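Data block for upload_7.cif (mmCIF, C-alpha atoms):
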data_input
loop_
_atom_site.label_atom_id
_atom_site.label_comp_id
_atom_site.auth_asym_id
_atom_site.auth_seq_id
_atom_site.Cartn_x
_atom_site.Cartn_y
_atom_site.Cartn_z
CA MET R 1 -3.75 13.76 10.17
CA THR R 2 -6.75 14.56 8.02
CA HIS R 3 -7.37 13.25 4.52
CA ASP R 4 -6.25 16.57 3.01
CA GLN R 5 -3.05 16.61 5.03
CA LEU R 6 -2.27 13.02 4.07
CA LYS R 7 -3.06 13.70 0.42
CA GLU R 8 -0.41 16.41 0.43
CA LEU R 9 2.14 13.79 1.42
CA VAL R 10 1.38 11.40 -1.43
CA PRO R 11 3.97 12.82 -3.90
CA LEU R 12 6.61 12.66 -1.17
CA PHE R 13 5.63 9.07 -0.39
CA ALA R 14 6.15 8.20 -4.05
CA LEU R 15 9.68 9.56 -3.70
CA ASP R 16 10.23 7.47 -0.54
CA ALA R 17 10.89 10.80 1.17
CA LEU R 18 8.67 10.52 4.23
CA PRO R 19 9.94 9.82 7.72
CA ALA R 20 8.94 6.37 8.99
CA ASP R 21 6.07 7.50 11.22
CA GLU R 22 4.38 9.55 8.49
CA GLU R 23 4.98 6.74 6.01
CA ARG R 24 3.15 4.30 8.30
CA GLU R 25 0.26 6.70 8.81
CA LEU R 26 -0.13 7.29 5.08
CA GLU R 27 0.13 3.56 4.32
CA ALA R 28 -2.72 2.92 6.73
CA HIS R 29 -4.77 5.67 5.10
CA LEU R 30 -4.09 4.30 1.60
CA LYS R 31 -5.73 1.02 2.53
CA PHE R 32 -9.01 2.87 2.71
CA CYS R 33 -8.70 5.86 0.43
CA SER R 34 -9.12 5.22 -3.27
CA GLU R 35 -8.52 8.88 -4.10
CA CYS R 36 -5.07 8.89 -2.50
CA SER R 37 -4.30 5.44 -3.93
CA ARG R 38 -5.01 6.71 -7.45
CA ALA R 39 -2.86 9.79 -6.85
CA LEU R 40 -0.06 7.58 -5.54
CA ALA R 41 -0.13 5.40 -8.65
CA GLU R 42 0.31 8.49 -10.82
CA HIS R 43 3.13 9.89 -8.71
CA ARG R 44 4.87 6.52 -8.60
CA GLU R 45 4.78 6.44 -12.37
CA THR R 46 6.45 9.86 -12.39
CA ALA R 47 9.03 8.73 -9.85
CA GLY R 48 9.68 5.67 -12.00
CA MET R 49 10.39 8.00 -14.91
CA LEU R 50 12.95 9.82 -12.77
CA ALA R 51 14.83 6.54 -12.56
CA MET R 52 15.28 6.73 -16.32
CA ALA R 53 17.31 9.90 -15.91
CA VAL R 54 19.91 7.95 -13.94
CA PRO R 55 22.74 6.41 -15.95
CA GLY R 56 22.35 2.65 -16.15
CA ARG R 57 25.04 0.30 -14.95
CA GLN R 58 26.10 -2.88 -16.66
CA ALA R 59 24.79 -5.74 -14.57
CA PRO R 60 27.28 -8.51 -13.86
CA GLY R 61 27.17 -11.35 -16.32
CA ASP R 62 26.06 -13.95 -13.80
CA MET R 63 23.28 -11.91 -12.15
CA LYS R 64 20.61 -13.02 -14.58
CA ASP R 65 21.50 -16.70 -14.09
CA LYS R 66 21.38 -16.24 -10.30
CA ILE R 67 17.97 -14.59 -10.44
CA MET R 68 16.57 -17.22 -12.80
CA GLN R 69 17.95 -20.00 -10.62
CA LEU R 70 16.46 -18.47 -7.46
CA ALA R 71 13.15 -17.89 -9.23
CA GLY R 72 13.11 -21.56 -10.15
CA GLN R 73 13.39 -22.40 -6.46
CA THR R 74 10.85 -19.79 -5.29
CA ALA R 75 7.14 -20.47 -5.28
CA GLN R 76 4.90 -17.70 -6.53
CA LEU R 77 2.33 -16.28 -4.15
CA HIS R 78 -0.96 -15.23 -5.61
CA THR R 79 -3.20 -12.87 -3.74
CA ALA R 80 -6.81 -13.74 -3.12
CA PRO R 81 -9.39 -11.73 -5.05
CA ALA R 82 -10.00 -8.29 -3.65
CA PRO R 83 -12.97 -7.88 -1.35
CA THR R 84 -16.11 -7.81 -3.44
CA PRO R 85 -19.40 -6.30 -2.49
CA ILE R 86 -22.51 -8.32 -1.88
CA LYS R 87 -25.13 -5.72 -1.48
CA LYS R 88 -28.13 -7.81 -0.65
CA VAL R 89 -28.45 -11.43 0.29
CA SER R 90 -32.13 -12.17 0.58
CA VAL R 91 -31.82 -15.59 2.13
CA ARG R 92 -33.87 -15.45 5.25
CA GLY R 93 -32.46 -18.71 6.65
CA GLN R 94 -28.94 -17.37 6.33
CA ARG R 95 -29.96 -14.23 8.17
CA TRP R 96 -31.05 -16.29 11.17
CA GLN R 97 -27.91 -18.38 11.09
CA TRP R 98 -26.01 -15.17 11.68
CA ALA R 99 -28.43 -14.15 14.38
CA GLY R 100 -27.76 -17.49 16.02
CA LEU R 101 -24.04 -16.92 15.77
CA ALA R 102 -24.43 -13.52 17.37
CA ALA R 103 -26.55 -14.88 20.16
CA ALA R 104 -24.45 -17.98 20.75
CA CYS R 105 -21.24 -16.12 21.46
CA VAL R 106 -20.76 -14.22 24.69
CA LEU R 107 -22.23 -10.95 23.67
CA ALA R 108 -20.08 -8.06 24.70
CA PHE R 109 -21.51 -5.33 22.61
CA LEU R 110 -19.78 -2.09 21.97
CA VAL R 111 -22.00 0.83 22.67
CA GLY R 112 -21.14 4.32 21.59
CA GLY R 113 -17.57 3.35 20.83
CA VAL R 114 -16.91 2.15 24.37
CA VAL R 115 -16.14 -1.47 25.03
CA VAL R 116 -18.75 -2.81 27.38
CA ARG R 117 -18.04 -6.16 28.94
CA GLN R 118 -20.38 -7.88 31.28
CA LEU R 119 -17.66 -9.21 33.54
CA ASP R 120 -15.59 -6.06 33.59
CA ASN R 121 -18.50 -3.72 34.07
CA PRO R 122 -20.97 -5.29 36.45
CA ASP R 123 -22.79 -2.07 37.24
CA ARG R 124 -26.47 -1.97 36.50
CA THR R 125 -26.35 0.74 33.87
CA THR R 126 -23.89 -1.20 31.78
CA GLU R 127 -25.92 -4.35 32.09
CA GLN R 128 -28.96 -2.43 30.91
CA GLN R 129 -26.97 -1.08 28.01
CA LEU R 130 -25.89 -4.58 27.12
CA VAL R 131 -29.42 -5.92 27.21
CA VAL R 132 -30.64 -3.08 25.00
CA ALA R 133 -27.68 -3.46 22.63
CA GLN R 134 -28.18 -7.22 22.42
CA ARG R 135 -31.85 -6.81 21.65
CA ASP R 136 -31.14 -4.10 19.07
CA ALA R 137 -28.51 -6.20 17.34
CA LEU R 138 -30.63 -9.32 17.16
CA GLU R 139 -33.59 -7.36 15.84
CA ILE R 140 -31.44 -5.69 13.19
CA ILE R 141 -29.94 -9.03 12.16
CA GLY R 142 -33.35 -10.61 11.95
CA SER R 143 -35.12 -7.76 10.20
CA PRO R 144 -35.98 -8.41 6.54
CA THR R 145 -35.52 -4.71 5.85
CA SER R 146 -31.87 -4.75 6.91
CA VAL R 147 -29.38 -4.65 4.07
CA ILE R 148 -26.72 -7.34 4.37
CA ILE R 149 -23.20 -6.43 3.31
CA ALA R 150 -20.47 -9.04 3.16
CA MET R 151 -17.15 -8.15 4.72
CA ASN R 152 -14.47 -10.08 2.89
CA ALA R 153 -11.05 -10.80 4.32
CA THR R 154 -7.95 -9.42 2.71
CA ALA R 155 -5.48 -11.91 1.27
CA GLU R 156 -3.36 -12.26 4.40
CA PHE R 157 -6.34 -12.99 6.65
CA GLY R 158 -8.29 -15.44 4.54
CA GLY R 159 -9.86 -17.19 7.53
CA ALA R 160 -11.75 -14.14 8.73
CA TYR R 161 -15.18 -13.10 7.53
CA GLY R 162 -18.07 -10.97 8.60
CA LYS R 163 -21.43 -9.53 7.76
CA ALA R 164 -22.88 -6.13 8.41
CA PHE R 165 -26.62 -5.81 8.82
CA VAL R 166 -27.53 -2.21 8.12
CA SER R 167 -30.89 -0.94 9.25
CA ALA R 168 -31.78 2.33 7.56
CA ASP R 169 -35.00 2.75 9.50
CA ARG R 170 -33.26 2.35 12.87
CA GLY R 171 -30.19 4.31 11.83
CA LYS R 172 -28.00 1.53 13.22
CA ALA R 173 -26.12 -1.54 12.09
CA ALA R 174 -25.01 -4.82 13.61
CA VAL R 175 -21.69 -6.25 12.53
CA VAL R 176 -20.87 -9.89 13.22
CA VAL R 177 -17.26 -10.88 12.61
CA SER R 178 -15.81 -14.35 12.85
CA GLY R 179 -12.64 -16.31 12.21
CA LEU R 180 -10.46 -13.75 13.98
CA GLU R 181 -7.22 -14.80 15.64
CA GLU R 182 -6.52 -13.88 19.23
CA PRO R 183 -4.89 -10.48 18.86
CA GLY R 184 -2.43 -10.81 21.75
CA ASP R 185 -1.53 -7.31 22.88
CA ASP R 186 -3.29 -5.78 19.87
CA VAL R 187 -6.95 -4.99 19.48
CA TYR R 188 -9.28 -5.13 16.54
CA THR R 189 -10.95 -1.92 15.49
CA LEU R 190 -14.09 -1.46 13.43
CA TRP R 191 -13.96 1.61 11.18
CA LEU R 192 -16.61 3.49 9.28
CA ILE R 193 -15.10 5.14 6.23
CA ALA R 194 -16.76 8.01 4.40
CA GLY R 195 -15.05 9.95 1.62
CA GLY R 196 -11.72 8.33 2.38
CA ASP R 197 -11.74 9.35 6.05
CA PRO R 198 -11.86 6.41 8.47
CA ARG R 199 -13.69 6.99 11.73
CA PRO R 200 -13.22 4.49 14.55
CA VAL R 201 -16.45 2.86 15.69
CA ALA R 202 -15.10 0.60 18.40
CA ASP R 203 -12.11 -1.40 19.58
CA PHE R 204 -12.84 -5.03 20.41
CA VAL R 205 -11.29 -8.36 21.24
CA PRO R 206 -12.99 -11.50 19.92
CA GLU R 207 -13.99 -14.43 22.04
CA ASP R 208 -13.50 -17.74 20.28
CA GLY R 209 -12.80 -15.67 17.20
CA ILE R 210 -16.24 -14.07 17.17
CA ARG R 211 -17.61 -10.66 18.09
CA THR R 212 -20.80 -8.76 17.46
CA ILE R 213 -20.67 -5.00 17.34
CA LEU R 214 -23.61 -2.68 17.45
CA VAL R 215 -23.01 0.46 15.44
CA ASN R 216 -25.14 3.15 17.01
CA THR R 217 -24.95 5.46 14.03
CA PRO R 218 -26.39 5.40 10.53
CA VAL R 219 -24.26 3.66 7.91
CA GLY R 220 -24.69 5.52 4.63
CA SER R 221 -24.79 3.90 1.23
CA GLU R 222 -21.42 5.43 0.33
CA GLU R 223 -19.70 4.32 3.51
CA THR R 224 -17.44 1.34 3.97
CA LEU R 225 -16.98 -0.80 7.06
CA ALA R 226 -13.57 -2.25 7.78
CA VAL R 227 -11.80 -4.12 10.56
CA THR R 228 -8.12 -3.60 11.26
CA ARG R 229 -5.77 -5.06 13.82
CA GLU R 230 -4.32 -2.14 15.75
CA PRO R 231 -1.25 -2.02 17.98
CA ASN R 232 -3.08 0.25 20.43
CA PRO R 233 -6.70 0.78 21.43
CA GLY R 234 -8.10 4.23 20.81
CA ASN R 235 -6.29 4.86 17.55
CA THR R 236 -8.03 7.60 15.61
CA THR R 237 -6.25 6.71 12.36
CA PRO R 238 -5.69 3.10 11.25
CA GLN R 239 -2.13 1.93 11.75
CA GLY R 240 -2.50 -1.83 11.51
CA PRO R 241 -3.35 -4.20 8.67
CA VAL R 242 -6.84 -4.42 7.23
CA ILE R 243 -8.41 -7.73 8.15
CA MET R 244 -11.67 -7.39 6.28
CA ALA R 245 -13.70 -4.73 4.53
CA SER R 246 -17.00 -4.18 2.83
CA ILE R 247 -17.11 -2.50 -0.53
CA ARG R 248 -20.44 -1.34 -1.79
CA ALA R 249 -21.60 -2.19 -5.25
CA MET A 1 0.01 -11.43 -23.50
CA SER A 2 1.96 -8.86 -21.49
CA LEU A 3 5.15 -9.79 -19.70
CA LEU A 4 3.50 -9.21 -16.36
CA SER A 5 0.57 -11.49 -17.10
CA GLY A 6 3.06 -14.08 -18.34
CA LEU A 7 4.95 -13.65 -15.10
CA ALA A 8 1.72 -14.17 -13.16
CA SER A 9 1.21 -17.47 -14.94
CA GLY A 10 4.67 -18.61 -13.87
CA ASP A 11 6.46 -18.20 -17.19
CA GLN A 12 10.13 -17.65 -16.37
CA ARG A 13 10.83 -16.42 -19.89
CA CYS A 14 8.85 -13.30 -19.02
CA LEU A 15 11.05 -12.72 -15.98
CA ALA A 16 14.10 -13.10 -18.20
CA ALA A 17 12.67 -10.59 -20.69
CA LEU A 18 11.96 -8.08 -17.93
CA TYR A 19 15.47 -8.56 -16.66
CA ASP A 20 16.90 -7.88 -20.11
CA ARG A 21 14.92 -4.68 -20.33
CA TYR A 22 15.40 -3.22 -16.91
CA ALA A 23 18.36 -4.77 -15.09
CA ASN A 24 20.91 -2.14 -16.10
CA SER A 25 18.60 0.78 -15.33
CA ALA A 26 17.64 -0.82 -12.02
CA LEU A 27 21.25 -1.34 -11.09
CA GLY A 28 22.08 2.25 -12.05
CA LEU A 29 19.31 3.56 -9.81
CA ALA A 30 20.21 1.32 -6.87
CA PHE A 31 23.86 2.29 -7.11
CA LYS A 32 23.07 5.99 -7.42
CA VAL A 33 21.00 5.91 -4.24
CA CYS A 34 23.01 3.58 -2.02
CA GLY A 35 26.49 4.09 -3.41
CA SER A 36 27.60 0.50 -3.00
CA ARG A 37 27.97 -1.93 -5.85
CA THR A 38 27.53 -4.98 -3.66
CA ILE A 39 24.38 -3.67 -2.02
CA ALA A 40 23.01 -2.38 -5.34
CA GLU A 41 23.37 -5.83 -6.89
CA ASP A 42 21.63 -7.43 -3.91
CA ILE A 43 18.81 -4.90 -4.19
CA VAL A 44 18.25 -5.57 -7.89
CA GLN A 45 18.28 -9.30 -7.30
CA GLU A 46 15.76 -8.95 -4.47
CA ALA A 47 13.55 -6.67 -6.56
CA PHE A 48 13.30 -9.10 -9.47
CA LEU A 49 12.63 -11.96 -7.11
CA ALA A 50 9.96 -9.92 -5.33
CA LEU A 51 8.33 -9.28 -8.70
CA TRP A 52 8.50 -12.99 -9.50
CA GLN A 53 7.17 -14.06 -6.14
CA ARG A 54 4.27 -11.59 -5.97
CA PRO A 55 3.33 -10.81 -9.58
CA ASP A 56 -0.20 -9.91 -8.48
CA SER A 57 1.15 -6.97 -6.51
CA PHE A 58 1.48 -5.11 -9.81
CA ASP A 59 -1.66 -3.47 -11.14
CA ALA A 60 -1.25 -2.86 -14.87
CA THR A 61 -4.02 -0.29 -14.81
CA ARG A 62 -1.96 1.83 -12.45
CA GLY A 63 1.30 2.23 -14.31
CA SER A 64 3.99 0.47 -16.25
CA ALA A 65 5.97 -2.55 -15.12
CA GLY A 66 9.18 -0.56 -15.49
CA SER A 67 8.06 2.15 -13.10
CA PHE A 68 6.74 -0.48 -10.72
CA LEU A 69 10.04 -2.31 -10.70
CA MET A 70 11.99 0.93 -10.27
CA GLY A 71 9.73 1.77 -7.34
CA ILE A 72 10.68 -1.52 -5.65
CA VAL A 73 14.36 -0.92 -6.35
CA HIS A 74 14.25 2.66 -5.10
CA HIS A 75 12.41 1.74 -1.92
CA LYS A 76 14.90 -1.00 -1.12
CA ALA A 77 17.83 1.28 -1.87
CA VAL A 78 16.47 4.04 0.36
CA ASP A 79 15.90 1.49 3.11
CA ALA A 80 19.50 0.38 2.78
CA VAL A 81 20.78 3.94 2.92
CA ARG A 82 18.80 4.80 6.00
CA ARG A 83 19.62 1.50 7.68
CA GLU A 84 23.29 1.82 7.25
CA ALA A 85 24.68 5.30 6.71
CA SER A 86 28.09 3.87 6.09
CA VAL A 87 27.04 2.52 2.74
CA ARG A 88 27.38 6.10 1.54
CA ARG A 89 30.99 5.22 0.95
CA ARG A 90 31.22 5.45 -2.76
CA GLU A 91 32.76 2.51 -4.54
CA GLU A 92 33.15 3.90 -7.97
CA ASN A 93 34.40 0.59 -9.23
CA PHE A 94 31.84 -0.17 -11.85
CA ALA A 95 34.23 -1.22 -14.53
CA ALA A 96 32.43 -1.82 -17.76
CA GLU A 97 31.91 -5.49 -18.29
CA PRO A 98 31.77 -6.01 -22.00
CA GLN A 99 28.96 -8.27 -23.02
CA GLU A 100 27.31 -9.04 -26.25
CA SER A 101 23.96 -7.34 -26.61
CA SER A 102 20.99 -9.15 -28.00
CA GLU A 103 18.71 -7.41 -30.48
CA ASP A 104 16.10 -6.96 -27.76
CA GLU A 105 18.63 -5.33 -25.47
CA VAL A 106 19.65 -2.92 -28.21
CA ILE A 107 16.04 -1.95 -28.86
CA GLU A 108 15.45 -1.57 -25.15
CA ALA A 109 18.58 0.54 -24.76
CA ALA A 110 17.39 2.81 -27.55
CA TRP A 111 13.93 3.09 -26.03
CA ILE A 112 15.34 3.90 -22.60
CA SER A 113 17.64 6.43 -24.18
CA ILE A 114 14.69 8.22 -25.77
CA ARG A 115 12.82 8.18 -22.50
CA LYS A 116 15.86 9.42 -20.65
CA THR A 117 16.23 12.34 -23.04
CA LYS A 118 12.60 13.31 -22.51
CA VAL A 119 12.82 12.96 -18.74
CA LEU A 120 15.94 15.10 -18.64
CA ALA A 121 14.20 17.68 -20.82
CA ALA A 122 11.23 17.70 -18.44
CA LEU A 123 13.52 18.03 -15.44
CA SER A 124 15.18 21.04 -17.07
CA GLU A 125 11.76 22.72 -17.18
CA LEU A 126 11.46 22.63 -13.40
CA SER A 127 12.64 25.52 -11.31
CA LEU A 128 16.12 25.14 -9.92
CA VAL A 129 14.86 24.78 -6.35
CA GLN A 130 12.31 22.15 -7.33
CA ARG A 131 14.89 20.12 -9.22
CA GLU A 132 17.35 20.41 -6.38
CA ALA A 133 14.81 19.18 -3.82
CA LEU A 134 13.70 16.27 -6.02
CA GLU A 135 17.25 15.18 -6.72
CA LEU A 136 18.20 15.24 -3.05
CA ALA A 137 15.13 13.24 -2.10
CA TYR A 138 15.06 10.74 -4.94
CA LEU A 139 18.70 10.24 -5.76
CA GLN A 140 20.19 10.55 -2.30
CA GLY A 141 17.33 8.90 -0.43
CA LEU A 142 16.73 11.87 1.88
CA THR A 143 13.47 12.48 3.71
CA TYR A 144 11.86 15.89 3.28
CA SER A 145 13.14 16.85 6.72
CA ASP A 146 16.67 15.89 5.65
CA VAL A 147 16.18 17.96 2.50
CA ALA A 148 15.05 20.94 4.59
CA GLU A 149 18.07 20.60 6.83
CA ARG A 150 20.47 20.18 3.92
CA LEU A 151 19.12 23.25 2.15
CA ASN A 152 18.56 25.20 5.36
CA ILE A 153 14.93 25.88 4.52
CA PRO A 154 11.72 25.38 6.55
CA LEU A 155 10.09 21.93 6.46
CA GLY A 156 7.00 23.31 4.73
CA THR A 157 9.11 24.88 2.01
CA ALA A 158 10.91 21.61 1.37
CA LYS A 159 7.61 19.74 1.13
CA THR A 160 6.14 22.35 -1.20
CA ARG A 161 9.15 22.30 -3.53
CA MET A 162 9.08 18.52 -3.77
CA ARG A 163 5.32 18.29 -4.18
CA ASP A 164 5.11 21.06 -6.77
CA GLY A 165 8.11 19.59 -8.57
CA MET A 166 6.46 16.19 -8.82
CA ILE A 167 3.18 17.65 -10.04
CA ARG A 168 4.94 19.80 -12.65
CA LEU A 169 7.14 16.91 -13.76
CA ARG A 170 4.11 14.68 -14.16
CA ALA A 171 2.40 17.27 -16.34
CA LEU A 172 5.51 17.76 -18.47
CA LEU A 173 6.00 14.02 -18.96
CA ALA A 174 2.36 13.61 -19.89
CA GLN A 175 2.78 16.33 -22.52
CA SER A 176 5.73 14.52 -24.03
CA GLU A 177 3.94 11.16 -23.75
CA VAL A 178 6.79 9.56 -21.88
CA THR A 179 4.66 7.68 -19.46
CA GLY A 180 3.68 4.98 -21.88
CA SER A 181 4.11 1.33 -21.06
CA TYR A 182 6.69 -0.92 -22.64
CA ASP A 183 5.73 -4.14 -21.04
CA SER A 184 4.25 -6.35 -23.66
#
Take the structure in the file and write it out as structure tokens.
Amino acid sequence: MTHDQLKELVPLFALDALPADEERELEAHLKFCSECSRALAEHRETAGMLAMAVPGRQAPGDMKDKIMQLAGQTAQLHTAPAPTPIKKVSVRGQRWQWAGLAAACVLAFLVGGVVVRQLDNPDRTTEQQLVVAQRDALEIIGSPTSVIIAMNATAEFGGAYGKAFVSADRGKAAVVVSGLEEPGDDVYTLWLIAGGDPRPVADFVPEDGIRTILVNTPVGSEETLAVTREPNPGNTTPQGPVIMASIRA
Amino acid sequence: MSLLSGLASGDQRCLAALYDRYANSALGLAFKVCGSRTIAEDIVQEAFLALWQRPDSFDATRGSAGSFLMGIVHHKAVDAVRREASVRRREENFAAEPQESSEDEVIEAAWISIRKTKVLAALSELSLVQREALELAYLQGLTYSDVAERLNIPLGTAKTRMRDGMIRLRALLAQSEVTGSYDS
């Protein structure tokens, strides 16, 4: 569904009146779309008011004691700070550390949204694409004109991290992600989000937790990069949890 | 310090205060949706514990603690209804359990009563078909497709009635300034 179609569903979501599949699709969209998230907060407030129209019921006398007792035995979980933007990190040494990381791992770059693996695709054209992609990525990572954007993990995936190196003059970006778990039957997907609409860049599987992705398209100043863990490759709308995201300052 | 920020710092007195304010309303909502006293009590207990366990999940800039809590309760109640259709068996056995009310509870009851009056007034301003669709969805835990089937109307019509009803209700409540927070 498009952003506009999903936005129409927000009031129904606040009423818990969506079928499960649409609820999942909207939940995935809400992770990226601040406009729909704001609208949902307002509609949830309205739905909460509806609850006030329902006659209250006298709670049993011992319920409060039970809840307080259970609370006393239950540790509180505090979420990590939300992803914060780091627009520019002008530490040249750090830039080359990331270039080293990109070069050290087995580079299976993703070109044009298609997973290209050296072992799986031994034909010459693919190898040429890989060589070009590898060179492009390393040059972008090493270029002092590239803007570095931190990609911070969400609370549940605190071990993951990444950096996007955005080259305005090349109209490309290189994204290096690390600390990713083996996804099993899932895949990771890199998304480019503009105006609340996520667009898949590439599906990928990390090796030793690391992957470098070449984004062969300009990344605008208003766009966000995010990585999700998807149940299926080729998803055109995010369905899985957000692992990490960049948020521009 | 608000109750929610107190909760976030692990102060159980804040949980107790929230319970005093919202437990009866929460139980009323859970029972209305799922129709089972036993399940409704479990839902309310789970909701307060969820609030205690993950206090950061509430964003004070995006609504009141009461609405947030009711949202948790409603979601759990709807889940229960859809998981087990048999819980629709009504157990109208909520005998009043006389208890002494603290001063806070009396103030809260009065405040909720005022809010309830305003919400009911706003609901009365909706068209009959909008109100009907909202009540079926919210109070009976139906999806919009269930609402369409129940009312024998197209899916799009059901969605439009519910969406327009929510938007209108929001505007009416804003006019009557009902959506204020009572959390501190």
Each residue of chain A with at least one atom at most 6 Å from chain R should appear once, together with its nearest atom pair and the corresponding distance in Å (one decimal); atoms considered: all atoms listed in the file; ordering: chain, then increasing residue number; output as CSV.
residue,atom,partner,partner_atom,distance
A:Asn24,CA,R:Arg57,CA,4.9
A:Ser25,CA,R:Gly56,CA,4.3
A:Leu27,CA,R:Arg57,CA,5.7
A:Gly28,CA,R:Gly56,CA,4.1
A:Gln53,CA,R:Gln76,CA,4.3
A:Arg54,CA,R:Leu77,CA,5.4
A:Arg62,CA,R:Ala41,CA,5.5
A:Gly63,CA,R:Glu45,CA,5.8
A:Ser67,CA,R:Gly48,CA,4.0
A:Met70,CA,R:Gly48,CA,5.5
A:Lys116,CA,R:Ala53,CA,5.0
A:Ala137,CA,R:Ala17,CA,5.9
A:Tyr138,CA,R:Leu15,CA,5.6
A:Leu142,CA,R:Ala17,CA,6.0
A:Thr143,CA,R:Ala17,CA,4.0
A:Tyr144,CA,R:Ala17,CA,5.6
A:Arg163,CA,R:Pro11,CA,5.6
A:Arg170,CA,R:Thr46,CA,5.6
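Restricting the calculation to all atoms listed in the file, the smallest distance between Gly184 (chain R) and any of R:Pro231, R:Pro218, R:Pro200, R:Gly159 is found for R:Pro231.
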Expand the PyMOL selection byres ((chain R and resi 31) around 12) into the individual residues it matches in the shown file, reporting them as JSON, numbers by chain. {"R": [24, 25, 26, 27, 28, 29, 30, 32, 33, 34, 35, 36, 37, 38, 40, 82, 154, 191, 193, 196, 197, 198, 224, 226, 227, 228, 237, 238, 239, 240, 241, 242, 243, 244, 245]}
Suppose you want the space between CA of Gln140 (chain A) and CA of Val73 (chain A); what is it in Å?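 Calculated distance between CA of Gln140 (chain A) and CA of Val73 (chain A) is 13.5 Å.
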Neighbours of point (20.8, 22.9, -3.9) within 7 Å, using all atoms listed in the file, written as an MDAnalysis selection string: chainID A and resid 129 132 151
Residues selected by the PyMOL selection byres ((chain R and resi 216) around 6), written as a PDB file with C-alpha atoms, in the coordinates of the input:
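Below is the file out.pdb, written as the result:
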ATOM      1  CA  LYS R 172     -28.000   1.530  13.220  1.00  0.00           C
ATOM      2  CA  VAL R 215     -23.010   0.460  15.440  1.00  0.00           C
ATOM      3  CA  THR R 217     -24.950   5.460  14.030  1.00  0.00           C
TER       4      THR R 217
END
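Atom pair CA of Glu182 (chain R) / CA of Ser246 (chain R): separated by 21.7 Å.
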Could you jot down the CA of Leu69 (chain A) to CA of Gly35 (chain A) separation for me, Å, one decimal place? 19.1 Å
Take the PyMOL selection byres ((chain R and resi 204) around 7), run it mentally on this structure, and tell me the resulting residues as a PyMOL selection string. chain R and resi 115+187-189+202-203+205-206
I need every residue sitting at most 6 Å from the point (-13.9, -14.3, 13.7) (coordinates as in the file, all atoms listed in the file considered), written as an MDAnalysis selection string. chainID R and resid 160 177:180 209:210
Spatial neighbours of Leu126 (chain A), max dist 9 Å, all atoms listed in the file, sep filter under 3 positions, as a PyMOL selection string: chain A and resi 122-123+129-131+165+168-169
Working from the structure I just supplied, which lacks atoms in region 155-164 of chain R, can you model N, CA, C and O atoms there and output them as a PDB file, in the coordinates of the input?
ATOM      1  N   ALA R 155      -6.195 -10.679   1.625  1.00  0.00           N
ATOM      2  CA  ALA R 155      -5.480 -11.910   1.270  1.00  0.00           C
ATOM      3  C   ALA R 155      -4.768 -12.548   2.454  1.00  0.00           C
ATOM      4  O   ALA R 155      -4.769 -13.776   2.617  1.00  0.00           O
ATOM      5  N   GLU R 156      -4.161 -11.719   3.310  1.00  0.00           N
ATOM      6  CA  GLU R 156      -3.360 -12.260   4.400  1.00  0.00           C
ATOM      7  C   GLU R 156      -4.206 -12.862   5.519  1.00  0.00           C
ATOM      8  O   GLU R 156      -3.686 -13.556   6.380  1.00  0.00           O
ATOM      9  N   PHE R 157      -5.487 -12.553   5.543  1.00  0.00           N
ATOM     10  CA  PHE R 157      -6.340 -12.990   6.650  1.00  0.00           C
ATOM     11  C   PHE R 157      -7.542 -13.763   6.106  1.00  0.00           C
ATOM     12  O   PHE R 157      -8.690 -13.469   6.433  1.00  0.00           O
ATOM     13  N   GLY R 158      -7.244 -14.723   5.274  1.00  0.00           N
ATOM     14  CA  GLY R 158      -8.290 -15.440   4.540  1.00  0.00           C
ATOM     15  C   GLY R 158      -9.293 -16.171   5.409  1.00  0.00           C
ATOM     16  O   GLY R 158     -10.377 -16.487   4.962  1.00  0.00           O
ATOM     17  N   GLY R 159      -8.940 -16.451   6.678  1.00  0.00           N
ATOM     18  CA  GLY R 159      -9.860 -17.190   7.530  1.00  0.00           C
ATOM     19  C   GLY R 159     -10.938 -16.336   8.165  1.00  0.00           C
ATOM     20  O   GLY R 159     -11.883 -16.852   8.754  1.00  0.00           O
ATOM     21  N   ALA R 160     -10.794 -15.031   8.063  1.00  0.00           N
ATOM     22  CA  ALA R 160     -11.750 -14.140   8.730  1.00  0.00           C
ATOM     23  C   ALA R 160     -12.905 -13.791   7.776  1.00  0.00           C
ATOM     24  O   ALA R 160     -12.738 -13.789   6.559  1.00  0.00           O
ATOM     25  N   TYR R 161     -14.056 -13.549   8.342  1.00  0.00           N
ATOM     26  CA  TYR R 161     -15.180 -13.100   7.530  1.00  0.00           C
ATOM     27  C   TYR R 161     -16.191 -12.396   8.417  1.00  0.00           C
ATOM     28  O   TYR R 161     -16.153 -12.511   9.646  1.00  0.00           O
ATOM     29  N   GLY R 162     -17.084 -11.687   7.803  1.00  0.00           N
ATOM     30  CA  GLY R 162     -18.070 -10.970   8.600  1.00  0.00           C
ATOM     31  C   GLY R 162     -19.245 -10.527   7.754  1.00  0.00           C
ATOM     32  O   GLY R 162     -19.228 -10.622   6.520  1.00  0.00           O
ATOM     33  N   LYS R 163     -20.277 -10.100   8.439  1.00  0.00           N
ATOM     34  CA  LYS R 163     -21.430  -9.530   7.760  1.00  0.00           C
ATOM     35  C   LYS R 163     -21.911  -8.316   8.531  1.00  0.00           C
ATOM     36  O   LYS R 163     -21.910  -8.322   9.766  1.00  0.00           O
ATOM     37  N   ALA R 164     -22.280  -7.313   7.791  1.00  0.00           N
ATOM     38  CA  ALA R 164     -22.880  -6.130   8.410  1.00  0.00           C
ATOM     39  C   ALA R 164     -24.352  -6.106   8.040  1.00  0.00           C
ATOM     40  O   ALA R 164     -24.712  -6.325   6.877  1.00  0.00           O
TER      41      ALA R 164
END
